[in-house]
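Enquirer: Take a look at the following structure, please.
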Amino acid sequence: MSIPNCVHRLRLILLLLLALALSACGSGSDDAEETSELTISLTDAEGDFNQYTIDVDSIKLYKSSGAVIETLPNKTRLDFSQYVEVTEFLSTATVPVGSYDKAEISLDFGNAAITVEDASGNSIPGLPQNQAGEPLGKISVEIIVNAHSGFVIKPGQPAALVLDFDLEASNEVEITGASAKVTVNPILLANTSLEDEKTRRLRGLLAGVSLDRESFEIRIRPFRVRDRDFGKITVS
């Protein structure tokens, strides 16, 4: 083989390698996953509980592709009976865009503080148990999202998820003297719309103020949490 032919073939090989390298770089940028901001709030249907305080360990979203996204940055302790008249902002999370068909919440009743009213209007302790009458501990509950139709998080469009723990439908109360047996079968619904008549409550630390944009930013700390943040939210 002559030297000119070798040089020509070497040029072709170099051009081919350069084209493959550029192609690989281009595909890497296309695979970058887009994200958007999701705001999670809590509310509750009306019930007869004076207190219903339990630990919330996690709130997970399941993408149609099978990916699992954790949206609660910290374990927290919440009194669900306080959310009958209000909807409280719980956390914000940056999540991948796409279609989600399932949500799941992990609840811990091991250190629950539950009280109910007896026939005389007195507040008595409620002892949480499962359907078999055994003391209740940690459970995971599937959340029904938009009547099982799921929801889609779109790029550049902030999304919302309002969780409704229906205490009345989720608990069967049997008063036995100075205490009550509370049989728990949790029913949680999720709505992706903030259009309701309830007052919205936002608690946390002031993180910044913008006079030009007429807005302020809050580090969310729901239900008197003092030492952990649950994301930031901007209020106009």
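Identifiers in this document derive from the order of the structure tokens: chains are assigned A, B, ..., residues are numbered from 1 separately in each chain, and ligands are numbered from 1 in order of occurrence.
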List as a Markdown table every residue of range 153-228 of chain A that is in contact with range 132-145 of chain A, defined as an atom at most 7 Å from one of its atoms (using only C-alpha atoms), together with the nearest atom pair and the distance in Å rounded to one decimal, sorted by chain and then rising number.

Expert:
```
| residue | atom | partner | partner_atom | distance |
| --- | --- | --- | --- | --- |
| A:Pro186 | CA | A:Val141 | CA | 6.9 |
| A:Leu188 | CA | A:Ile143 | CA | 5.2 |
| A:Leu189 | CA | A:Ile144 | CA | 4.9 |
| A:Ala190 | CA | A:Val145 | CA | 4.7 |
| A:Asn191 | CA | A:Val145 | CA | 6.2 |
```

Enquirer: Dump all heavy atoms for the selected residues as a PDB file, in the first residue's frame?

Expert:
```pdb
ATOM      1  N   PRO A 186     -56.486   3.295  57.041  1.00  0.00           N
ATOM      2  CA  PRO A 186     -56.282   4.641  56.486  1.00  0.00           C
ATOM      3  C   PRO A 186     -56.780   4.795  55.057  1.00  0.00           C
ATOM      4  O   PRO A 186     -56.530   3.946  54.188  1.00  0.00           O
ATOM      5  CB  PRO A 186     -54.765   4.825  56.553  1.00  0.00           C
ATOM      6  CG  PRO A 186     -54.300   3.841  57.563  1.00  0.00           C
ATOM      7  CD  PRO A 186     -55.227   2.673  57.443  1.00  0.00           C
ATOM      8  N   LEU A 188     -56.500   7.765  52.233  1.00  0.00           N
ATOM      9  CA  LEU A 188     -55.921   9.052  51.867  1.00  0.00           C
ATOM     10  C   LEU A 188     -56.204   9.345  50.411  1.00  0.00           C
ATOM     11  O   LEU A 188     -56.047   8.473  49.547  1.00  0.00           O
ATOM     12  CB  LEU A 188     -54.407   9.065  52.106  1.00  0.00           C
ATOM     13  CG  LEU A 188     -53.984   9.169  53.567  1.00  0.00           C
ATOM     14  CD1 LEU A 188     -53.527   7.820  54.089  1.00  0.00           C
ATOM     15  CD2 LEU A 188     -52.874  10.191  53.737  1.00  0.00           C
ATOM     16  N   LEU A 189     -56.649  10.551  50.151  1.00  0.00           N
ATOM     17  CA  LEU A 189     -56.907  11.004  48.796  1.00  0.00           C
ATOM     18  C   LEU A 189     -55.916  12.118  48.467  1.00  0.00           C
ATOM     19  O   LEU A 189     -55.446  12.830  49.354  1.00  0.00           O
ATOM     20  CB  LEU A 189     -58.340  11.507  48.653  1.00  0.00           C
ATOM     21  CG  LEU A 189     -59.451  10.559  49.085  1.00  0.00           C
ATOM     22  CD1 LEU A 189     -60.805  11.248  48.963  1.00  0.00           C
ATOM     23  CD2 LEU A 189     -59.429   9.287  48.256  1.00  0.00           C
ATOM     24  N   ALA A 190     -55.613  12.275  47.195  1.00  0.00           N
ATOM     25  CA  ALA A 190     -54.712  13.346  46.761  1.00  0.00           C
ATOM     26  C   ALA A 190     -55.331  14.081  45.599  1.00  0.00           C
ATOM     27  O   ALA A 190     -55.874  13.467  44.675  1.00  0.00           O
ATOM     28  CB  ALA A 190     -53.355  12.782  46.371  1.00  0.00           C
ATOM     29  N   ASN A 191     -55.272  15.390  45.670  1.00  0.00           N
ATOM     30  CA  ASN A 191     -55.804  16.235  44.611  1.00  0.00           C
ATOM     31  C   ASN A 191     -54.668  17.108  44.088  1.00  0.00           C
ATOM     32  O   ASN A 191     -53.867  17.633  44.861  1.00  0.00           O
ATOM     33  CB  ASN A 191     -56.937  17.105  45.163  1.00  0.00           C
ATOM     34  CG  ASN A 191     -57.706  17.812  44.062  1.00  0.00           C
ATOM     35  OD1 ASN A 191     -57.351  17.730  42.890  1.00  0.00           O
ATOM     36  ND2 ASN A 191     -58.752  18.511  44.441  1.00  0.00           N
TER      37      ASN A 191
END
```

Enquirer: Can you tell me, as a PyMOL selection string, which residues in range 124-215 of chain A count as strand (DSSP E) by DSSP?

Expert: chain A and resi 124-129+138-145+151-153+159-165+171-176+179-184+188-191+199-201+204-210+215

Enquirer: When you count only C-alpha atoms, which of these residues is closest to Ile40 in chain A: A:Ile69, A:Leu206, A:Leu163, A:Ala169?

Expert: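 Of all the options, A:Leu163 lies closest to Ile40 in chain A.
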
Enquirer: With a distance cut-off of 9 Å and only C-alpha atoms, select the neighbouring residues of Ser58 in chain A, excluding the residue or stretch itself and same-chain residues fewer than 6 positions from it, and output the selection as a count of residues only.

Expert: 11

Enquirer: Using DSSP on the backbone, list every residue of range 14-206 of chain A that comes out as alpha helix (DSSP H), and give them as a PyMOL selection string.

Expert: chain A and resi 14-30+167-170

Enquirer: Which one of A:Asn111, A:Gly208, A:Leu161, A:Glu85 sits closest to Ile59 in chain A if you count only C-alpha atoms?

Expert: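 Checking each of A:Asn111, A:Gly208, A:Leu161, A:Glu85 against Ile59 in chain A, counting only C-alpha atoms, the winner is A:Leu161.
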
Enquirer: Tell me, as a list in words, which residues lie within 12 Å of Asp229 in chain A, counting only C-alpha atoms; anything in the same chain fewer than 3 positions away does not count.

Expert: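 Residues meeting the cut-off are Leu72, Pro73, Asn74, Lys75, Thr76, Leu90, Ser91, Thr92, Ala93, Arg203, Gly204, Leu205, Leu206, Ala207, Ile218, Arg219, Ile220, Arg221, Pro222, Phe223, Arg224, Val225, Arg226, Lys232 and Ile233 of chain A.
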
Enquirer: Within 8 Å of Ser179 in chain A, counting only C-alpha atoms, which residues qualify if same-chain residues fewer than 3 places away don't, as a count of residues only?

Expert: 6

Enquirer: Which residue gives the smallest distance to Thr183 in chain A among A:Ser210, A:Thr234, A:Asn50, A:Gln131, with only C-alpha atoms counted?

Expert: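 So, comparing all the options, the nearest one is A:Gln131.
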
Enquirer: To one decimal place in Å, what is the distance between CA of Glu33 in chain A and CA of Tyr62 in chain A?

Expert: 15.8 Å
